[in-house]
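File shown: target-v4.tsv (TSV, C-alpha atoms).
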```tsv
chain	number	residue	atom	x	y	z
A	103	MET	CA	-6.50	-10.93	11.27
A	104	ILE	CA	-3.60	-8.83	9.99
A	105	ILE	CA	-4.75	-5.50	11.44
A	106	GLU	CA	-5.90	-4.66	14.95
A	107	ILE	CA	-7.65	-1.36	15.53
A	108	ASP	CA	-8.02	-0.03	19.06
A	109	ILE	CA	-10.12	3.12	19.53
A	110	LYS	CA	-10.18	5.24	22.68
A	111	GLN	CA	-12.08	8.41	23.49
A	112	GLU	CA	-9.78	11.19	24.70
A	113	GLU	CA	-10.53	14.83	25.57
A	114	GLY	CA	-11.58	16.33	22.22
A	115	PHE	CA	-10.23	13.57	20.01
A	116	LYS	CA	-10.40	9.89	19.23
A	117	LEU	CA	-7.14	8.00	19.61
A	118	ILE	CA	-6.75	5.07	17.24
A	119	LYS	CA	-3.94	2.55	17.66
A	120	LEU	CA	-3.10	0.42	14.66
A	121	LYS	CA	-1.22	-2.83	14.93
A	122	GLY	CA	-0.26	-4.95	11.94
A	123	GLU	CA	-0.57	-4.45	8.20
A	124	VAL	CA	-3.00	-2.46	6.06
A	125	ASP	CA	-3.32	-3.89	2.55
A	126	ALA	CA	-6.12	-4.33	0.01
A	127	SER	CA	-7.74	-6.89	2.28
A	128	SER	CA	-7.45	-5.27	5.71
A	129	SER	CA	-8.01	-1.68	4.53
A	130	ILE	CA	-11.75	-2.46	4.48
A	131	LYS	CA	-11.70	-2.82	8.26
A	132	LEU	CA	-9.79	0.45	8.66
A	133	ASP	CA	-12.20	2.22	6.31
A	134	GLU	CA	-15.21	0.99	8.27
A	135	ALA	CA	-13.69	2.08	11.60
A	136	LEU	CA	-12.89	5.58	10.33
A	137	GLN	CA	-16.25	6.00	8.61
A	138	LYS	CA	-18.00	5.04	11.85
A	139	ILE	CA	-16.05	7.63	13.82
A	140	MET	CA	-16.69	10.30	11.19
A	141	LYS	CA	-20.39	9.56	11.30
A	142	GLU	CA	-20.82	9.33	15.07
A	143	SER	CA	-18.75	12.25	16.34
A	144	ASN	CA	-17.14	15.56	15.45
A	145	ASP	CA	-13.90	14.78	17.24
A	146	HIS	CA	-10.47	15.09	15.73
A	147	ILE	CA	-8.76	11.78	15.00
A	148	LEU	CA	-5.21	10.92	16.05
A	149	VAL	CA	-3.78	7.69	14.68
A	150	ASP	CA	-0.89	5.99	16.48
A	151	CYS	CA	1.08	4.15	13.78
A	152	GLU	CA	3.96	2.93	15.93
A	153	GLN	CA	2.92	-0.70	15.45
A	154	LEU	CA	1.78	-0.29	11.85
A	155	GLU	CA	4.24	-2.52	10.02
A	156	TYR	CA	3.06	-2.10	6.44
A	157	ILE	CA	0.68	-0.06	4.32
A	158	SER	CA	-0.21	-0.26	0.64
A	159	SER	CA	-2.23	2.08	-1.54
A	160	PRO	CA	-5.74	1.14	-0.37
A	161	GLY	CA	-4.72	2.15	3.16
A	162	ILE	CA	-3.33	5.48	1.95
A	163	GLY	CA	-6.55	5.95	0.00
A	164	VAL	CA	-8.62	5.42	3.15
A	165	PHE	CA	-6.56	8.00	5.05
A	166	ASN	CA	-6.76	10.42	2.11
A	167	GLU	CA	-10.55	10.26	1.99
A	168	CYS	CA	-10.86	10.60	5.76
A	169	SER	CA	-8.41	13.51	5.84
A	170	GLN	CA	-10.26	15.42	3.11
A	171	ASP	CA	-13.63	14.75	4.75
A	172	SER	CA	-12.19	15.94	8.07
A	173	LEU	CA	-10.98	19.21	6.55
A	174	GLU	CA	-14.43	19.84	5.11
A	175	GLN	CA	-15.88	19.34	8.58
A	176	ASN	CA	-13.32	21.59	10.28
A	177	ARG	CA	-11.67	18.73	12.09
A	178	LYS	CA	-8.35	17.01	11.71
A	179	LEU	CA	-6.90	13.59	11.06
A	180	ILE	CA	-3.29	13.33	12.24
A	181	LEU	CA	-1.02	10.30	11.95
A	182	PHE	CA	1.93	9.93	14.29
A	183	LYS	CA	4.91	7.66	15.03
A	184	LEU	CA	5.14	6.13	11.55
A	185	ASN	CA	8.13	3.84	11.16
A	186	ASP	CA	10.65	4.75	8.45
A	187	GLU	CA	9.35	2.23	5.91
A	188	VAL	CA	5.70	3.26	6.27
A	189	PHE	CA	6.66	6.95	6.16
A	190	GLU	CA	8.63	6.34	2.96
A	191	ILE	CA	5.56	4.85	1.28
A	192	PHE	CA	3.48	7.92	2.18
A	193	ASP	CA	6.34	10.10	0.97
A	194	ILE	CA	6.76	8.39	-2.42
A	195	ALA	CA	3.01	8.65	-2.96
A	196	GLY	CA	3.24	12.37	-2.19
A	197	PHE	CA	0.96	12.24	0.85
A	198	THR	CA	3.38	13.52	3.51
A	199	LYS	CA	2.46	17.01	2.29
A	200	ILE	CA	-1.26	16.25	2.26
A	201	ILE	CA	-1.98	14.33	5.46
A	202	PRO	CA	-0.59	15.80	8.71
A	203	ILE	CA	2.07	13.48	10.12
A	204	ALA	CA	3.71	13.97	13.52
A	205	THR	CA	6.70	12.23	15.02
A	206	SER	CA	5.18	11.80	18.48
A	207	PHE	CA	1.90	11.84	20.36
A	208	ASP	CA	2.82	15.18	21.97
A	209	GLN	CA	3.58	16.72	18.60
A	210	ALA	CA	0.31	15.38	17.21
A	211	LYS	CA	-1.59	16.96	20.13
A	212	SER	CA	0.21	20.25	19.68
A	213	LEU	CA	-0.81	20.27	15.99
A	214	LEU	CA	-4.41	20.13	17.20
A	215	GLU	CA	-3.91	22.86	19.80
A	216	ASN	CA	-2.10	25.18	17.38
A	217	ASP	CA	-5.04	25.13	15.03
A	218	SER	CA	-7.84	25.39	17.57
B	68	MET	CA	17.71	-19.60	-9.77
B	69	ILE	CA	14.17	-18.56	-10.57
B	70	HIS	CA	11.83	-18.46	-7.58
B	71	LYS	CA	8.16	-19.25	-8.29
B	72	LYS	CA	4.94	-19.12	-6.35
B	73	ARG	CA	1.35	-19.73	-7.39
B	74	ILE	CA	-1.08	-17.33	-5.78
B	75	ASN	CA	-4.84	-17.60	-5.34
B	76	CYS	CA	-6.93	-14.59	-6.34
B	77	ASP	CA	-7.92	-13.97	-2.77
B	78	LEU	CA	-6.88	-10.68	-1.19
B	79	LYS	CA	-6.05	-12.63	1.94
B	80	SER	CA	-3.24	-14.28	-0.07
B	81	LEU	CA	-1.42	-10.95	-0.33
B	82	GLN	CA	0.30	-11.49	3.00
B	83	LYS	CA	1.75	-14.81	1.76
B	84	LEU	CA	2.80	-13.13	-1.48
B	85	ARG	CA	4.65	-10.40	0.43
B	86	SER	CA	6.41	-12.97	2.60
B	87	PHE	CA	7.50	-14.90	-0.49
B	88	VAL	CA	8.91	-11.84	-2.27
B	89	SER	CA	10.53	-10.51	0.90
B	90	ASN	CA	12.21	-13.83	1.70
B	91	VAL	CA	13.56	-14.21	-1.84
B	92	LEU	CA	14.97	-10.66	-1.85
B	93	ASP	CA	16.56	-11.17	1.58
B	94	LYS	CA	18.16	-14.37	0.36
B	95	GLU	CA	19.37	-13.03	-2.99
B	96	TYR	CA	20.26	-9.46	-2.01
B	97	SER	CA	21.17	-9.56	1.66
B	98	GLY	CA	21.45	-6.04	3.02
B	99	TYR	CA	19.52	-4.39	0.18
B	100	LYS	CA	17.63	-1.60	1.91
B	101	LYS	CA	14.79	-1.02	-0.54
B	102	SER	CA	13.32	-4.54	-0.54
B	103	ASN	CA	10.21	-3.22	1.20
B	104	LEU	CA	9.43	-0.99	-1.81
B	105	LEU	CA	9.79	-3.87	-4.26
B	106	VAL	CA	7.48	-5.97	-2.07
B	107	LEU	CA	5.00	-3.09	-2.13
B	108	ALA	CA	5.14	-2.78	-5.93
B	109	ILE	CA	4.43	-6.50	-6.43
B	110	ASP	CA	1.64	-6.37	-3.84
B	111	GLU	CA	0.06	-3.47	-5.75
B	112	VAL	CA	0.23	-5.16	-9.16
B	113	CYS	CA	-1.09	-8.47	-7.83
B	114	SER	CA	-3.93	-6.98	-5.78
B	115	ASN	CA	-4.93	-5.02	-8.89
B	116	LEU	CA	-4.92	-8.22	-10.93
B	117	MET	CA	-6.98	-10.08	-8.33
B	118	GLN	CA	-9.61	-7.37	-8.16
B	119	HIS	CA	-9.89	-6.17	-11.76
B	120	SER	CA	-9.09	-9.24	-13.86
B	121	HIS	CA	-10.39	-11.98	-11.57
B	122	ARG	CA	-13.00	-10.20	-9.43
B	123	CYS	CA	-11.32	-11.91	-6.45
B	124	ASN	CA	-12.44	-15.37	-7.56
B	125	VAL	CA	-10.52	-17.47	-5.02
B	126	GLU	CA	-10.42	-20.45	-7.38
B	127	ASP	CA	-8.40	-18.50	-9.95
B	128	THR	CA	-4.62	-18.46	-9.67
B	129	PHE	CA	-1.61	-16.81	-11.28
B	130	GLU	CA	2.14	-17.35	-10.99
B	131	VAL	CA	4.70	-14.92	-9.59
B	132	ARG	CA	8.35	-15.41	-10.53
B	133	VAL	CA	11.36	-13.62	-9.12
B	134	ILE	CA	14.39	-13.71	-11.42
B	135	PRO	CA	17.49	-12.44	-9.61
B	136	GLU	CA	20.54	-11.29	-11.50
B	137	LYS	CA	23.67	-9.63	-10.19
B	138	GLU	CA	22.57	-6.02	-10.57
B	139	ASN	CA	18.97	-6.40	-11.65
B	140	VAL	CA	15.88	-8.16	-10.38
B	141	THR	CA	12.91	-9.01	-12.60
B	142	PHE	CA	9.47	-10.00	-11.42
B	143	GLU	CA	7.14	-11.83	-13.77
B	144	ILE	CA	3.44	-12.19	-13.08
B	145	GLU	CA	1.91	-14.70	-15.48
B	146	ASP	CA	-1.83	-14.93	-15.71
B	147	ASP	CA	-4.08	-16.94	-18.03
B	148	LYS	CA	-6.48	-14.02	-18.36
B	149	MET	CA	-6.05	-10.87	-20.39
B	150	PRO	CA	-5.28	-7.84	-18.24
B	151	GLY	CA	-8.07	-5.41	-17.37
B	152	PHE	CA	-5.83	-2.68	-18.82
B	153	ASP	CA	-2.24	-2.19	-19.93
B	154	ILE	CA	-0.40	-1.10	-16.79
B	155	SER	CA	2.66	-0.09	-18.83
B	156	ASP	CA	0.55	2.32	-20.87
B	157	TYR	CA	-1.76	3.47	-18.07
B	158	ARG	CA	-1.66	7.19	-17.28
B	159	THR	CA	-1.63	7.34	-13.51
B	160	PRO	CA	-3.30	10.35	-11.93
B	161	CYS	CA	-1.03	12.73	-10.02
B	162	THR	CA	-1.31	13.05	-6.22
B	163	GLU	CA	-3.16	16.37	-6.51
B	164	GLU	CA	-5.85	14.80	-8.72
B	165	ILE	CA	-6.26	11.91	-6.28
B	166	VAL	CA	-6.52	14.26	-3.29
B	167	LYS	CA	-9.00	16.58	-4.97
B	168	ALA	CA	-11.27	13.71	-5.99
B	169	LYS	CA	-10.84	11.98	-2.60
B	170	GLN	CA	-9.95	8.89	-4.63
B	171	LYS	CA	-9.09	5.62	-3.02
B	172	ASN	CA	-7.85	4.23	-6.33
B	173	GLY	CA	-5.00	5.21	-8.60
B	174	ILE	CA	-2.38	5.49	-5.86
B	175	GLY	CA	-1.15	1.92	-6.32
B	176	LEU	CA	-0.10	2.15	-9.94
B	177	MET	CA	1.46	5.55	-9.28
B	178	LEU	CA	3.61	3.88	-6.61
B	179	VAL	CA	4.53	0.99	-8.93
B	180	LYS	CA	5.66	3.39	-11.65
B	181	LYS	CA	7.73	5.41	-9.19
B	182	ILE	CA	9.38	2.35	-7.64
B	183	MET	CA	10.16	0.15	-10.65
B	184	ASP	CA	12.57	1.00	-13.49
B	185	SER	CA	10.57	-0.72	-16.20
B	186	ILE	CA	7.13	-2.26	-16.63
B	187	GLN	CA	6.28	-4.35	-19.69
B	188	LEU	CA	3.20	-6.25	-20.66
B	189	GLU	CA	3.50	-9.29	-22.95
B	190	ASN	CA	0.24	-10.58	-24.34
B	191	LYS	CA	0.09	-14.32	-24.99
B	192	PRO	CA	-2.45	-16.45	-26.88
B	193	GLN	CA	-3.92	-17.31	-23.48
B	194	GLY	CA	-3.27	-14.59	-20.97
B	195	HIS	CA	-0.35	-12.30	-20.38
B	196	ILE	CA	2.90	-11.73	-18.51
B	197	CYS	CA	3.51	-8.51	-16.62
B	198	ARG	CA	7.27	-8.01	-16.27
B	199	LEU	CA	8.70	-5.50	-13.80
B	200	SER	CA	12.41	-4.78	-13.38
B	201	LYS	CA	14.58	-2.88	-10.95
B	202	LYS	CA	18.31	-2.23	-10.89
B	203	ILE	CA	19.86	-3.30	-7.63
B	204	LYS	CA	22.77	-1.15	-6.58
B	205	ALA	CA	25.59	-2.98	-4.88
B	206	GLN	CA	25.61	-2.40	-1.14
B	207	PRO	CA	28.71	-0.72	0.31
```
Could the structure of this file be written out as structure tokens, please?
Amino acid sequence: MIIEIDIKQEEGFKLIKLKGEVDASSSIKLDEALQKIMKESNDHILVDCEQLEYISSPGIGVFNECSQDSLEQNRKLILFKLNDEVFEIFDIAGFTKIIPIATSFDQAKSLLENDS
Amino acid sequence: MIHKKRINCDLKSLQKLRSFVSNVLDKEYSGYKKSNLLVLAIDEVCSNLMQHSHRCNVEDTFEVRVIPEKENVTFEIEDDKMPGFDISDYRTPCTEEIVKAKQKNGIGLMLVKKIMDSIQLENKPQGHICRLSKKIKAQP
């Protein structure tokens, strides 16, 4: 298994911790986890990417879809603590301006509070 | 020296592919800071090939070659099937189009085109070679 997904319920949001690599193979697991959360709750979603070592386009695509669905439902998907290499991939694809990205957990939480 | 690896058309093989490309680049261009982007570009092209040309048939294979030169690296992906489409001629959607349509596809080839300097497709009597090149700037 190249990706581990840990999901915790926090006050008003789901906290997802990713560990490993998201590629064309493992993005299916990430997609299923996010779809399940989207279906079962109205919570915001914060994704801790500190231990996310790699992402390719299917993973960005999964986050894009989830982010757009979240906006339509007046909720937010926020990624935080991306390492430099993963951030660069989002940046080259043009998604750092589309999907909210924070540098820390506290900043991610404040992005939620500022908008609520 | 040309480095070669035969890859099965199984998405689970992508991790091995990335390790192969990464190890070759580390060996040939020690200290080059953009290796991760080249690994990403090859991952994108190969996963595309596995899914669209081979429907992820794990018995199918193709060969990946890394050809290092002093200031340029070329990757060749040789497959005995014709490509699903010509990547070098493919109009990739822009980010705004992808976002608006909530697309999961189209991002990969956009990344490949942004990362690599040139992409060529050579059709052969049986199959094709996709050739991707990147200039490697000397490290200070």
Residues proximal to (7.5, -20.7, -8.4) were defined as those with any atom within 12 Å of that point in the file's coordinates, counting only C-alpha atoms. Which are they, as a short mmCIF file (atom, residue, chain, number, x, y, z; two decimals) with C-alpha atoms, in the coordinates of the input?
```
data_model
loop_
_atom_site.label_atom_id
_atom_site.label_comp_id
_atom_site.auth_asym_id
_atom_site.auth_seq_id
_atom_site.Cartn_x
_atom_site.Cartn_y
_atom_site.Cartn_z
CA MET B 68 17.71 -19.60 -9.77
CA ILE B 69 14.17 -18.56 -10.57
CA HIS B 70 11.83 -18.46 -7.58
CA LYS B 71 8.16 -19.25 -8.29
CA LYS B 72 4.94 -19.12 -6.35
CA ARG B 73 1.35 -19.73 -7.39
CA ILE B 74 -1.08 -17.33 -5.78
CA LEU B 84 2.80 -13.13 -1.48
CA PHE B 87 7.50 -14.90 -0.49
CA VAL B 88 8.91 -11.84 -2.27
CA VAL B 91 13.56 -14.21 -1.84
CA PHE B 129 -1.61 -16.81 -11.28
CA GLU B 130 2.14 -17.35 -10.99
CA VAL B 131 4.70 -14.92 -9.59
CA ARG B 132 8.35 -15.41 -10.53
CA VAL B 133 11.36 -13.62 -9.12
CA ILE B 134 14.39 -13.71 -11.42
CA PHE B 142 9.47 -10.00 -11.42
CA GLU B 143 7.14 -11.83 -13.77
CA ILE B 144 3.44 -12.19 -13.08
CA GLU B 145 1.91 -14.70 -15.48
#
```
Within 12 Å of Asp125 in chain A, counting only C-alpha atoms, which residues show up once you throw out same-chain ones fewer than 6 positions away? Write them as an NGL selection string, please. (:A and (103-105 or 131-133 or 154-164)) or (:B and (78-82 or 84-85 or 106-107 or 110-111 or 113-115 or 175))
Using all atoms listed in the file, which of A:Ile130, A:Ala195, A:Leu120, A:Ile201 sits nearest chain B? A:Ala195
Hey, could you pull the box centre and edge lengths for range 127-138 of chain B, axis-aligned, 4 Å padding per side, all listed atoms, to one decimal in Å, as lines of an AutoDock Vina configuration file?
```
center_x = 7.6
center_y = -12.3
center_z = -10.3
size_x = 40.1
size_y = 20.5
size_z = 10.4
```
Can you tell me, as a count of residues only, which residues sit within 6 Å of (-10.1, 18.6, 12.5) in the file's frame, using only C-alpha atoms? 5
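Shortest separation to Ser155 in chain B among B:Ser185, B:Ser102, B:Ser97, B:Ser200 occurs at residue B:Ser185, atoms counted being all atoms listed in the file.
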Could you tell me which of B:Gln187, B:Thr128, B:Asn139, B:Asn103 comes closest to chain A if we count all atoms listed in the file?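 So, comparing all the options, the nearest one is B:Asn103.
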Which residues come within 8 Å of Cys76 in chain B, counting all atoms listed in the file, excluding same-chain residues fewer than 6 positions away, as a list in words? Met117, Gln118, His121, Cys123, Asn124, Val125, Glu126, Asp127, Thr128 and Phe129 of chain B
Point-to-point distance in Å for CA of Phe115 in chain A and CA of Leu181 in chain A: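 Answer for the CA of Leu181 in chain A to CA of Phe115 in chain A separation: 12.7 Å.
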For CA of Cys151 in chain A and CA of Gln175 in chain A, quote the distance in Å rounded to one decimal. 23.4 Å
Given all atoms listed in the file as the counted atoms, nearest of B:Leu104, B:Leu116, B:Ile154, B:Leu92 to Leu188 in chain B: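 Checking each candidate against Leu188 in chain B, we get B:Ile154 as the closest.
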Provide the CA of Ile194 in chain A to CA of Asn166 in chain A distance in Å, to one decimal place.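 Taking CA of Ile194 in chain A as the start and CA of Asn166 in chain A as the end point, the length is 14.4 Å.
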Hey, what's within 12 Å of Ala168 in chain B if we count all atoms listed in the file and toss same-chain stuff fewer than 6 positions away? As number ranges by chain, please? A: 163, 166-167, 170-171; B: 160-162
Residues just named, written with C-alpha atoms as a PDB file, in the coordinates of the input:
```pdb
ATOM      1  CA  GLY A 163      -6.550   5.950   0.000  1.00  0.00           C
ATOM      2  CA  ASN A 166      -6.760  10.420   2.110  1.00  0.00           C
ATOM      3  CA  GLU A 167     -10.550  10.260   1.990  1.00  0.00           C
ATOM      4  CA  GLN A 170     -10.260  15.420   3.110  1.00  0.00           C
ATOM      5  CA  ASP A 171     -13.630  14.750   4.750  1.00  0.00           C
TER       6      ASP A 171
ATOM      7  CA  PRO B 160      -3.300  10.350 -11.930  1.00  0.00           C
ATOM      8  CA  CYS B 161      -1.030  12.730 -10.020  1.00  0.00           C
ATOM      9  CA  THR B 162      -1.310  13.050  -6.220  1.00  0.00           C
TER      10      THR B 162
END
```
Selected residue, from A:Glu134, A:Glu174, A:Glu187, A:Asp145, that lies nearest to chain B when counting all atoms listed in the file: A:Glu187
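Taking all atoms listed in the file into account, chain B lies nearest to A:Gly122 out of the set A:Gln209, A:Glu113, A:Gly122, A:Lys138.
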Since the input is missing atoms, can you rebuild N, CA, C and O atoms for range 182-203 of chain A and write them as a PDB file, keeping the file's coordinate frame?
```pdb
ATOM      1  N   PHE A 182       0.658   9.706  13.603  1.00  0.00           N
ATOM      2  CA  PHE A 182       1.930   9.930  14.290  1.00  0.00           C
ATOM      3  C   PHE A 182       2.679   8.623  14.550  1.00  0.00           C
ATOM      4  O   PHE A 182       2.081   7.552  14.530  1.00  0.00           O
ATOM      5  N   LYS A 183       3.997   8.779  14.755  1.00  0.00           N
ATOM      6  CA  LYS A 183       4.910   7.660  15.030  1.00  0.00           C
ATOM      7  C   LYS A 183       4.938   6.617  13.899  1.00  0.00           C
ATOM      8  O   LYS A 183       4.900   5.402  14.177  1.00  0.00           O
ATOM      9  N   LEU A 184       4.999   7.081  12.670  1.00  0.00           N
ATOM     10  CA  LEU A 184       5.140   6.130  11.550  1.00  0.00           C
ATOM     11  C   LEU A 184       6.574   5.602  11.544  1.00  0.00           C
ATOM     12  O   LEU A 184       7.514   6.390  11.760  1.00  0.00           O
ATOM     13  N   ASN A 185       6.750   4.318  11.303  1.00  0.00           N
ATOM     14  CA  ASN A 185       8.130   3.840  11.160  1.00  0.00           C
ATOM     15  C   ASN A 185       8.686   4.306   9.816  1.00  0.00           C
ATOM     16  O   ASN A 185       7.946   4.792   8.953  1.00  0.00           O
ATOM     17  N   ASP A 186       9.992   4.188   9.646  1.00  0.00           N
ATOM     18  CA  ASP A 186      10.650   4.750   8.450  1.00  0.00           C
ATOM     19  C   ASP A 186      10.091   4.174   7.148  1.00  0.00           C
ATOM     20  O   ASP A 186       9.922   4.888   6.159  1.00  0.00           O
ATOM     21  N   GLU A 187       9.803   2.871   7.151  1.00  0.00           N
ATOM     22  CA  GLU A 187       9.350   2.230   5.910  1.00  0.00           C
ATOM     23  C   GLU A 187       7.939   2.688   5.538  1.00  0.00           C
ATOM     24  O   GLU A 187       7.642   2.948   4.377  1.00  0.00           O
ATOM     25  N   VAL A 188       7.074   2.798   6.543  1.00  0.00           N
ATOM     26  CA  VAL A 188       5.700   3.260   6.270  1.00  0.00           C
ATOM     27  C   VAL A 188       5.716   4.731   5.850  1.00  0.00           C
ATOM     28  O   VAL A 188       5.029   5.127   4.901  1.00  0.00           O
ATOM     29  N   PHE A 189       6.555   5.533   6.525  1.00  0.00           N
ATOM     30  CA  PHE A 189       6.660   6.950   6.160  1.00  0.00           C
ATOM     31  C   PHE A 189       7.121   7.093   4.708  1.00  0.00           C
ATOM     32  O   PHE A 189       6.601   7.926   3.956  1.00  0.00           O
ATOM     33  N   GLU A 190       8.095   6.268   4.329  1.00  0.00           N
ATOM     34  CA  GLU A 190       8.630   6.340   2.960  1.00  0.00           C
ATOM     35  C   GLU A 190       7.547   6.079   1.915  1.00  0.00           C
ATOM     36  O   GLU A 190       7.520   6.703   0.858  1.00  0.00           O
ATOM     37  N   ILE A 191       6.641   5.156   2.227  1.00  0.00           N
ATOM     38  CA  ILE A 191       5.560   4.850   1.280  1.00  0.00           C
ATOM     39  C   ILE A 191       4.626   6.062   1.129  1.00  0.00           C
ATOM     40  O   ILE A 191       4.261   6.442   0.009  1.00  0.00           O
ATOM     41  N   PHE A 192       4.283   6.694   2.251  1.00  0.00           N
ATOM     42  CA  PHE A 192       3.480   7.920   2.180  1.00  0.00           C
ATOM     43  C   PHE A 192       4.221   8.996   1.385  1.00  0.00           C
ATOM     44  O   PHE A 192       3.619   9.738   0.611  1.00  0.00           O
ATOM     45  N   ASP A 193       5.531   9.056   1.603  1.00  0.00           N
ATOM     46  CA  ASP A 193       6.340  10.100   0.970  1.00  0.00           C
ATOM     47  C   ASP A 193       6.413   9.892  -0.548  1.00  0.00           C
ATOM     48  O   ASP A 193       6.221  10.837  -1.325  1.00  0.00           O
ATOM     49  N   ILE A 194       6.674   8.666  -0.981  1.00  0.00           N
ATOM     50  CA  ILE A 194       6.760   8.390  -2.420  1.00  0.00           C
ATOM     51  C   ILE A 194       5.425   8.692  -3.101  1.00  0.00           C
ATOM     52  O   ILE A 194       5.369   9.207  -4.211  1.00  0.00           O
ATOM     53  N   ALA A 195       4.339   8.389  -2.384  1.00  0.00           N
ATOM     54  CA  ALA A 195       3.010   8.650  -2.960  1.00  0.00           C
ATOM     55  C   ALA A 195       2.659  10.139  -2.935  1.00  0.00           C
ATOM     56  O   ALA A 195       1.659  10.557  -3.519  1.00  0.00           O
ATOM     57  N   GLY A 196       3.476  10.925  -2.237  1.00  0.00           N
ATOM     58  CA  GLY A 196       3.240  12.370  -2.190  1.00  0.00           C
ATOM     59  C   GLY A 196       2.267  12.802  -1.109  1.00  0.00           C
ATOM     60  O   GLY A 196       1.782  13.939  -1.126  1.00  0.00           O
ATOM     61  N   PHE A 197       1.994  11.924  -0.146  1.00  0.00           N
ATOM     62  CA  PHE A 197       0.960  12.240   0.850  1.00  0.00           C
ATOM     63  C   PHE A 197       1.512  12.806   2.160  1.00  0.00           C
ATOM     64  O   PHE A 197       0.739  13.158   3.039  1.00  0.00           O
ATOM     65  N   THR A 198       2.847  12.912   2.277  1.00  0.00           N
ATOM     66  CA  THR A 198       3.380  13.520   3.510  1.00  0.00           C
ATOM     67  C   THR A 198       3.110  15.019   3.527  1.00  0.00           C
ATOM     68  O   THR A 198       3.187  15.647   4.583  1.00  0.00           O
ATOM     69  N   LYS A 199       2.795  15.574   2.349  1.00  0.00           N
ATOM     70  CA  LYS A 199       2.460  17.010   2.290  1.00  0.00           C
ATOM     71  C   LYS A 199       0.957  17.214   2.348  1.00  0.00           C
ATOM     72  O   LYS A 199       0.475  18.343   2.387  1.00  0.00           O
ATOM     73  N   ILE A 200       0.212  16.142   2.310  1.00  0.00           N
ATOM     74  CA  ILE A 200      -1.260  16.250   2.260  1.00  0.00           C
ATOM     75  C   ILE A 200      -1.880  15.895   3.607  1.00  0.00           C
ATOM     76  O   ILE A 200      -2.758  16.599   4.102  1.00  0.00           O
ATOM     77  N   ILE A 201      -1.423  14.803   4.183  1.00  0.00           N
ATOM     78  CA  ILE A 201      -1.980  14.330   5.460  1.00  0.00           C
ATOM     79  C   ILE A 201      -1.014  14.722   6.580  1.00  0.00           C
ATOM     80  O   ILE A 201       0.181  14.412   6.491  1.00  0.00           O
ATOM     81  N   PRO A 202      -1.501  15.421   7.622  1.00  0.00           N
ATOM     82  CA  PRO A 202      -0.590  15.800   8.710  1.00  0.00           C
ATOM     83  C   PRO A 202       0.016  14.569   9.377  1.00  0.00           C
ATOM     84  O   PRO A 202      -0.692  13.636   9.750  1.00  0.00           O
ATOM     85  N   ILE A 203       1.350  14.598   9.506  1.00  0.00           N
ATOM     86  CA  ILE A 203       2.070  13.480  10.120  1.00  0.00           C
ATOM     87  C   ILE A 203       3.001  14.043  11.202  1.00  0.00           C
ATOM     88  O   ILE A 203       3.799  14.951  10.931  1.00  0.00           O
TER      89      ILE A 203
END
```
